[in-house]
Amino acid sequence: MRILHVLDHSLPVHSGYTFRTRAILGEQHRLGWETVHLTSPKHPEGVGLAEEAAGWVFHRTPAPTGWLAGLPMVGELALMAALERRIIEIAEETRPDLLHAHSPALCGRAAVRAGRRLGIPVVYEVRAFWEDAAVDHGTAVEGGLRYRASRALETWVLRRAAAVTCICEGLRREIVSRGVPAQRVTVIPNGVDLESFRPVVRDESLARALGLGEGPVLGFLGSFYGYEGLDLAVDALAILRDRLPGAQLLLVGGGVQEQNLRAQATARGLNGAVVFTGRVPHQEIDRYYGVVDLLVYPRKPKRITELVTPLKPLEAMAMERLVVASDVGGHRELIRDGDTGRLFRAGDARDLAAVALDLLQDREAWPRYHAAGHRFVVEERSWAAIVARYRTVYDDALGAAA
């Protein structure tokens, strides 16, 4: 079987999106399938029409040019038209059995239209509803014209793909509510590369270099988006230090909220207690996990966090780290409160501080949490088991087109 994957962006860009893609491709090759990879014009400008990254060749789509391409809505139409032409070009060269388009709907629409012209079935994978992410990033207003147009485009793609996959039950419920038959929607969740994320011990030299003391150390590793709720983590730290004066918060990564978080830490008198590392090389990320006692995921209650499951808590559990997270829908699919981790009331910094204090002071329970979280990932979220689910999806799509 040969699959042409149509992607928004890819390696060498590092993101949760590209890491999921890399895992899917690796496991599909182990299953004996051939894969071809094409990115949209939204991938950062690279080195021509093809680029090798991490051992994979990615075909690129040049961005449309001209003043029309820069206009709202019109620019998106030009982007989709360019991607559609490129899909047809690559498909005619490589002869795939099916097209597998990944969010956003810009990729999905181009793939559906190209698939119709080529007579090739399309599987569409929803990783998030990008209109909801745009609201949090400030590029769209919920209910506004851009939001409604994006939602309508997403629904158009969902109803026309031969099969649909998504990464969690929250997304599946939303997709079915838009009129897509439930039997055409399959959950293929995020997983963890168990070779890359193994249990770790504290790296004392790194702890010293970062200025970490006796702790305990709370931490977050990832992108600093508004919906991640890291401002709540800073507020909770200020509360927690009344009981645990040595508590610190390690923030590894960066993003649009970084300056706001730095200003907040200063205003709360937490300079030195909140440690910012900036972005770190992916191959060194396990060292940073190793200096954190409690990973904190304080996502705020929004449509995107209620519907979508994150990847980072799975990585933390694979590495046998303690996990505390807000009780938004995406977290409730991953974390069993009191078993694999702890949940607190979303948006409530005081409850976060109280739950974190309870967990940090109950050291005898730490091995139980470590073992339960690791077991959950191994048994239910290894990439090998997850990617095998595509076989039925692909067979159904090919059968429907026969």
# chains A, B, ... in the order shown; residues from 1 in each chain; ligands from 1
>>> residues_around(residues="range 87-102 of chain A", least_positions_apart="3", cutoff="8 Å", atoms="only C-alpha atoms", output="count of residues only")
30
>>> select_by_dssp(residues="range 248-312 of chain A", states="strand (DSSP E)", output="PDB file with C-alpha atoms, in the first residue's frame")
ATOM      1  CA  GLN A 248      10.248  26.687  42.035  1.00  0.00           C
ATOM      2  CA  LEU A 249       8.618  26.645  38.608  1.00  0.00           C
ATOM      3  CA  LEU A 250      10.702  25.619  35.575  1.00  0.00           C
ATOM      4  CA  LEU A 251       9.311  26.781  32.228  1.00  0.00           C
ATOM      5  CA  VAL A 252      11.033  25.114  29.283  1.00  0.00           C
ATOM      6  CA  GLY A 253      10.192  26.419  25.821  1.00  0.00           C
ATOM      7  CA  GLY A 254       8.800  29.701  24.573  1.00  0.00           C
ATOM      8  CA  VAL A 274      10.295  31.028  38.131  1.00  0.00           C
ATOM      9  CA  VAL A 275      13.096  29.821  35.842  1.00  0.00           C
ATOM     10  CA  PHE A 276      12.867  30.350  32.086  1.00  0.00           C
ATOM     11  CA  THR A 277      15.191  28.234  29.937  1.00  0.00           C
ATOM     12  CA  GLY A 278      14.118  29.275  26.465  1.00  0.00           C
ATOM     13  CA  LEU A 294       5.781  17.633  39.271  1.00  0.00           C
ATOM     14  CA  LEU A 295       4.718  18.405  35.697  1.00  0.00           C
ATOM     15  CA  VAL A 296       1.918  20.991  35.585  1.00  0.00           C
ATOM     16  CA  TYR A 297      -0.651  21.288  32.776  1.00  0.00           C
TER      17      TYR A 297
END
>>> residues_around(residues="Thr61 in chain A", least_positions_apart="2", cutoff="7 Å", atoms="only C-alpha atoms", output="ChimeraX atom specification")
/A:39-41,49,59,63,83,86
>>> closest_atom_pairs(of="range 183-278 of chain A", to="range 310-315 of chain A", cutoff="8 Å", atoms="only C-alpha atoms", output="JSON lines")
{"residue": "A:Asn190", "atom": "CA", "partner": "A:Leu311", "partner_atom": "CA", "distance": 6.2}
{"residue": "A:Gly191", "atom": "CA", "partner": "A:Leu314", "partner_atom": "CA", "distance": 7.2}
{"residue": "A:Val192", "atom": "CA", "partner": "A:Glu315", "partner_atom": "CA", "distance": 6.2}
{"residue": "A:Phe197", "atom": "CA", "partner": "A:Glu315", "partner_atom": "CA", "distance": 6.3}
{"residue": "A:Leu221", "atom": "CA", "partner": "A:Lys312", "partner_atom": "CA", "distance": 7.6}
{"residue": "A:Gly222", "atom": "CA", "partner": "A:Lys312", "partner_atom": "CA", "distance": 7.5}
>>> select_by_dssp(residues="range 99-243 of chain A", states="helix (DSSP H, G or I)", output="VMD selection string")
chain A and resid 105 to 118 130 to 137 145 to 160 169 to 177 182 to 184 204 to 210 226 to 228 230 to 240
>>> closest_residue(among="A:Asp231, A:Leu210, A:Glu76, A:Ser10", to="Ala267 in chain A", atoms="only C-alpha atoms")
A:Asp231
>>> residues_around(residues="Arg299 in chain A", least_positions_apart="2", cutoff="6 Å", atoms="only C-alpha atoms", output="PyMOL selection string")
chain A and resi 227-229+297+326
>>> write_last_selection(atoms="N, CA and C atoms", output="short mmCIF file (atom, residue, chain, number, x, y, z; two decimals), in the first residue's frame")
data_model
loop_
_atom_site.label_atom_id
_atom_site.label_comp_id
_atom_site.auth_asym_id
_atom_site.auth_seq_id
_atom_site.Cartn_x
_atom_site.Cartn_y
_atom_site.Cartn_z
N TYR A 227 -3.97 29.45 26.00
CA TYR A 227 -4.86 28.41 26.53
C TYR A 227 -4.14 27.41 27.43
N GLU A 228 -2.79 27.40 27.43
CA GLU A 228 -2.05 26.49 28.31
C GLU A 228 -2.19 26.90 29.78
N GLY A 229 -2.57 28.16 30.04
CA GLY A 229 -2.85 28.57 31.42
C GLY A 229 -1.62 28.70 32.30
N TYR A 297 0.05 21.01 34.03
CA TYR A 297 -0.65 21.29 32.78
C TYR A 297 -1.97 22.02 33.09
N SER A 326 -5.42 20.44 34.78
CA SER A 326 -6.78 20.96 34.94
C SER A 326 -7.77 19.92 34.44
#
>>> closest_residue(among="A:Ala397, A:Val323, A:Val234, A:Leu106", to="Ser150 in chain A", atoms="only C-alpha atoms")
A:Leu106
>>> residues_around(residues="His374 in chain A", least_positions_apart="6", cutoff="6 Å", atoms="only C-alpha atoms", output="list in words")
Met317, Ala318 and Glu320 of chain A
>>> write_last_selection(atoms="C-alpha atoms", output="JSON list (two decimals), in the first residue's frame")
[["chain", "number", "residue", "atom", "x", "y", "z"],
["A", 317, "MET", "CA", 3.91, 9.69, 32.29],
["A", 318, "ALA", "CA", 6.16, 7.65, 30.01],
["A", 320, "GLU", "CA", 7.57, 8.30, 35.25]]
